[in-house]
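S.K.: Before anything else, here's the structure in question.
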2 protein chains.
Amino acid sequence: MLEILRSRPPQERADAARNREKVLAAAARLFAGKGVEAVSMDAIAAEAGVGKGTLFRRFGDKSGLAVALLDARERDLQERILSGQPPLGPPPAGRDIAPAERLAAFVEAYLDYLFAHLDLVRMSETASPGARYRIGAYGFWHRHVAILLGQALPDADPEALSHAVLAGLTGELATVLKDRYGEPRARAALTWAALAVLAG
Amino acid sequence: MLEILRSRPPQERADAARNREKVLAAAARLFAGKGVEAVSMDAIAAEAGVGKGTLFRRFGDKSGLAVALLDARERDLQERILSGQPPLGPPPAGRDIAPAERLAAFVEAYLDYLFAHLDLVRMSETASPGARYRIGAYGFWHRHVAILLGQALPDADPEALSHAVLAGLTGELATVLKDRYGEPRARAALTWAALAVLAG
DNA sequence: AAGGTAAATGGACTACAGTCCGGTTTGTGG
DNA sequence: CCACAAACCGGACTGTAGTCCATTTACCTT
């Protein structure tokens, strides 16, 4: 079911798999060395010993490459939401957890993920306009938040509000706040804004 | 004082002024014809009968051109905030207006401005990463919201929270919400999220 | 094991943003 | 009116994202 979100096709040819690994390894190497911003797609293709066409055919664009590199971390968070310990995970049978509490747990966990991979997330969101909303994982976060908002605020518009909450958790905003005020104040402000929507 | 925000230098040579008008007219014409996204800087230079160097020297980049086209509207809103009718403008001497009320008025007025020029605002924010935060007008909105938040929530972090509030008012988010749910629901959700911060 | 075919490859190609600098125009002071 | 410096001009140039398609590779069938 989560498999839909993966970029890997169900049956991958051997040469394709080999090149995918070469590209991911090269990208990780270059990003670590020069920083995400300073690395071009040509440089990644060259470092991987692969043609540009191969790079773009497989990953779509620069944000697709970032998503692929974030893939494991993203899936880990998704799995903890779907079947991990509450309050991040679902309540055990027969029990209830206030949606506000689950939302707070999600925001905290998401901020951990976000600040741990800030440059990569930022690249995955800003490579091309609207990239963020085309990523499979965005759909997952959106649905999760929308469901919790729907439980907490049955008379509001949880679908639309969920996008507004997630707009407060972008890599770009987190970067600006971190650069200006440091990570603790950035986290506090982002948490406040994301959770305040429940009290509106 | 607002003059700092203008792109026009204090003493502008005649040829420069002539070309600035030619460029703005050409850009407005092409945007109206083909839509903001589909017009390249080369096309604007050609339509204006001007070299590319001139275009970039004067407007910096694509977002600078969008800002110049939005200039009059932006200034109008800024002036109404600084010296217009309350609750958008400041309270008359001796009177008080609740910061929440002034913030609500700002959000409503800003959304009017945003939805009236959605494509242009979006371009001014997304032309290059971080463009939004470099625009002079952003500093103005940020300061205004930060001051109001400081009055309403003296124990919070109004500087950082102000960025979070404005993150919920981007052209990109407004576009997504409008495309998916229509303008009324988009406005309602954006308003809710922006004002909820006061209740957190 | 050979052959057919669908998928994958890679590098030349396009389009676009943004830079650079030799040459030109403008306003000014004599 | 002229000469001169500063400001400005424009188009050639660079670097990058993303596309295209003739060729190669891997896999499946017989």
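Following the order of the structure tokens, first chain is A, next is B, and so on, with residues numbered from 1 inside each chain and ligands from 1 in the order they appear.
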I want to know what sits within 12 Å of D:DT30, based on only C-alpha atoms (C1' of nucleotides), with residues of the same chain fewer than 2 positions away left out; could you give that as number ranges by chain?

M.R.: C: 1-4; D: 28

S.K.: Can I get the selected residues back with N, CA and C atoms (P, O5', C5', C4', C3', O3' and C1' of nucleotides), as a PDB file, in the first residue's frame?

M.R.:
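Contents of the output file again01.pdb:
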ATOM      1  P    DA C   1      24.635 -22.315 -23.879  1.00  0.00           P
ATOM      2  O5'  DA C   1      23.648 -22.369 -25.137  1.00  0.00           O
ATOM      3  C5'  DA C   1      24.015 -23.022 -26.349  1.00  0.00           C
ATOM      4  C4'  DA C   1      23.188 -22.410 -27.442  1.00  0.00           C
ATOM      5  C3'  DA C   1      23.525 -20.939 -27.751  1.00  0.00           C
ATOM      6  O3'  DA C   1      23.334 -20.747 -29.142  1.00  0.00           O
ATOM      7  C1'  DA C   1      21.293 -21.064 -26.964  1.00  0.00           C
ATOM      8  P    DA C   2      24.069 -19.675 -29.999  1.00  0.00           P
ATOM      9  O5'  DA C   2      22.848 -19.075 -30.835  1.00  0.00           O
ATOM     10  C5'  DA C   2      21.892 -19.944 -31.437  1.00  0.00           C
ATOM     11  C4'  DA C   2      20.609 -19.179 -31.678  1.00  0.00           C
ATOM     12  C3'  DA C   2      20.825 -17.724 -32.104  1.00  0.00           C
ATOM     13  O3'  DA C   2      19.859 -17.408 -33.087  1.00  0.00           O
ATOM     14  C1'  DA C   2      19.508 -17.785 -30.157  1.00  0.00           C
ATOM     15  P    DG C   3      19.972 -16.095 -33.974  1.00  0.00           P
ATOM     16  O5'  DG C   3      18.415 -15.826 -34.265  1.00  0.00           O
ATOM     17  C5'  DG C   3      17.418 -16.595 -33.630  1.00  0.00           C
ATOM     18  C4'  DG C   3      16.294 -15.702 -33.118  1.00  0.00           C
ATOM     19  C3'  DG C   3      16.336 -14.271 -33.669  1.00  0.00           C
ATOM     20  O3'  DG C   3      14.993 -13.847 -33.791  1.00  0.00           O
ATOM     21  C1'  DG C   3      16.492 -14.188 -31.324  1.00  0.00           C
ATOM     22  P    DG C   4      14.600 -12.657 -34.797  1.00  0.00           P
ATOM     23  O5'  DG C   4      13.367 -12.020 -34.006  1.00  0.00           O
ATOM     24  C5'  DG C   4      12.469 -12.902 -33.302  1.00  0.00           C
ATOM     25  C4'  DG C   4      11.800 -12.139 -32.171  1.00  0.00           C
ATOM     26  C3'  DG C   4      11.480 -10.678 -32.496  1.00  0.00           C
ATOM     27  O3'  DG C   4      10.236 -10.380 -31.876  1.00  0.00           O
ATOM     28  C1'  DG C   4      12.905 -10.761 -30.615  1.00  0.00           C
TER      29       DG C   4
ATOM     30  P    DC D  28      12.497 -12.074 -17.145  1.00  0.00           P
ATOM     31  O5'  DC D  28      11.587 -12.569 -18.358  1.00  0.00           O
ATOM     32  C5'  DC D  28      10.982 -11.617 -19.249  1.00  0.00           C
ATOM     33  C4'  DC D  28      10.523 -12.336 -20.507  1.00  0.00           C
ATOM     34  C3'  DC D  28      10.034 -13.780 -20.287  1.00  0.00           C
ATOM     35  O3'  DC D  28       8.888 -13.973 -21.078  1.00  0.00           O
ATOM     36  C1'  DC D  28      11.793 -13.772 -21.869  1.00  0.00           C
TER      37       DC D  28
END

S.K.: Any idea what's packed within 12 Å of C:DG11, counting only C-alpha atoms (C1' of nucleotides), ignoring anything in its chain fewer than 5 positions away? Could you give it as a ChimeraX atom specification?

M.R.: /A:42,45-46,50-54 /D:19-23

S.K.: Which one of A:Val23, A:Phe115, A:Ala28, A:Arg57 sits closest to chain C if you count only C-alpha atoms (C1' of nucleotides)?

M.R.: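 Checking each of A:Val23, A:Phe115, A:Ala28, A:Arg57 against chain C, counting only C-alpha atoms (C1' of nucleotides), the winner is A:Arg57.
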
S.K.: Counting only C-alpha atoms, which residues of chain A come no farther than 10 Å from chain B, as a PyMOL selection string?

M.R.: chain A and resi 122-123+126-130+133+156-170+172-178+180-181+185-200

S.K.: Using only C-alpha atoms (C1' of nucleotides), pick whichever of B:Tyr138, B:Tyr113, B:Phe56, B:Phe106 has the shortest atom-to-atom distance to chain C.

M.R.: B:Phe56

S.K.: Using only C-alpha atoms (C1' of nucleotides), which chain A residues lie at most 8 Å away from chain D, written as a PyMOL selection string?

M.R.: chain A and resi 13-15+40-41+56+61

S.K.: List every residue of stretch 11-195 of chain B that DSSP, applied to the backbone of this structure, assigns to alpha helix (DSSP H), and report them as an MDAnalysis selection string.

M.R.: chainID B and resid 14:34 41:48 52:59 62:83 99:116 118:126 131:134 136:152 158:167 171:181 183:195

S.K.: Please find the residues of chain C near chain A - the criterion being any atom within 7 Å, counting only C-alpha atoms (C1' of nucleotides) - and write them as number ranges by chain.

M.R.: C: 8-11

S.K.: The selected residues should be written to file as a PDB file, in the first residue's frame (atoms: C-alpha atoms (C1' of nucleotides)).

M.R.:
ATOM      1  C1'  DA C   8      17.103   1.660 -20.633  1.00  0.00           C
ATOM      2  C1'  DT C   9      21.024   4.357 -22.085  1.00  0.00           C
ATOM      3  C1'  DG C  10      23.797   8.652 -22.972  1.00  0.00           C
ATOM      4  C1'  DG C  11      25.151  12.583 -25.079  1.00  0.00           C
TER       5       DG C  11
END

S.K.: Using only C-alpha atoms, which of the listed residues (B:Ala25, B:Gln85, B:Asp76, B:Ala131) sits closest to B:Ile97?

M.R.: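 Residue with the minimum atom-to-atom distance to B:Ile97: B:Gln85.
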
S.K.: Could you tell me how far atom CA of B:Leu88 sits from atom CA of B:Val107, in Å to one decimal place?

M.R.: 9.3 Å
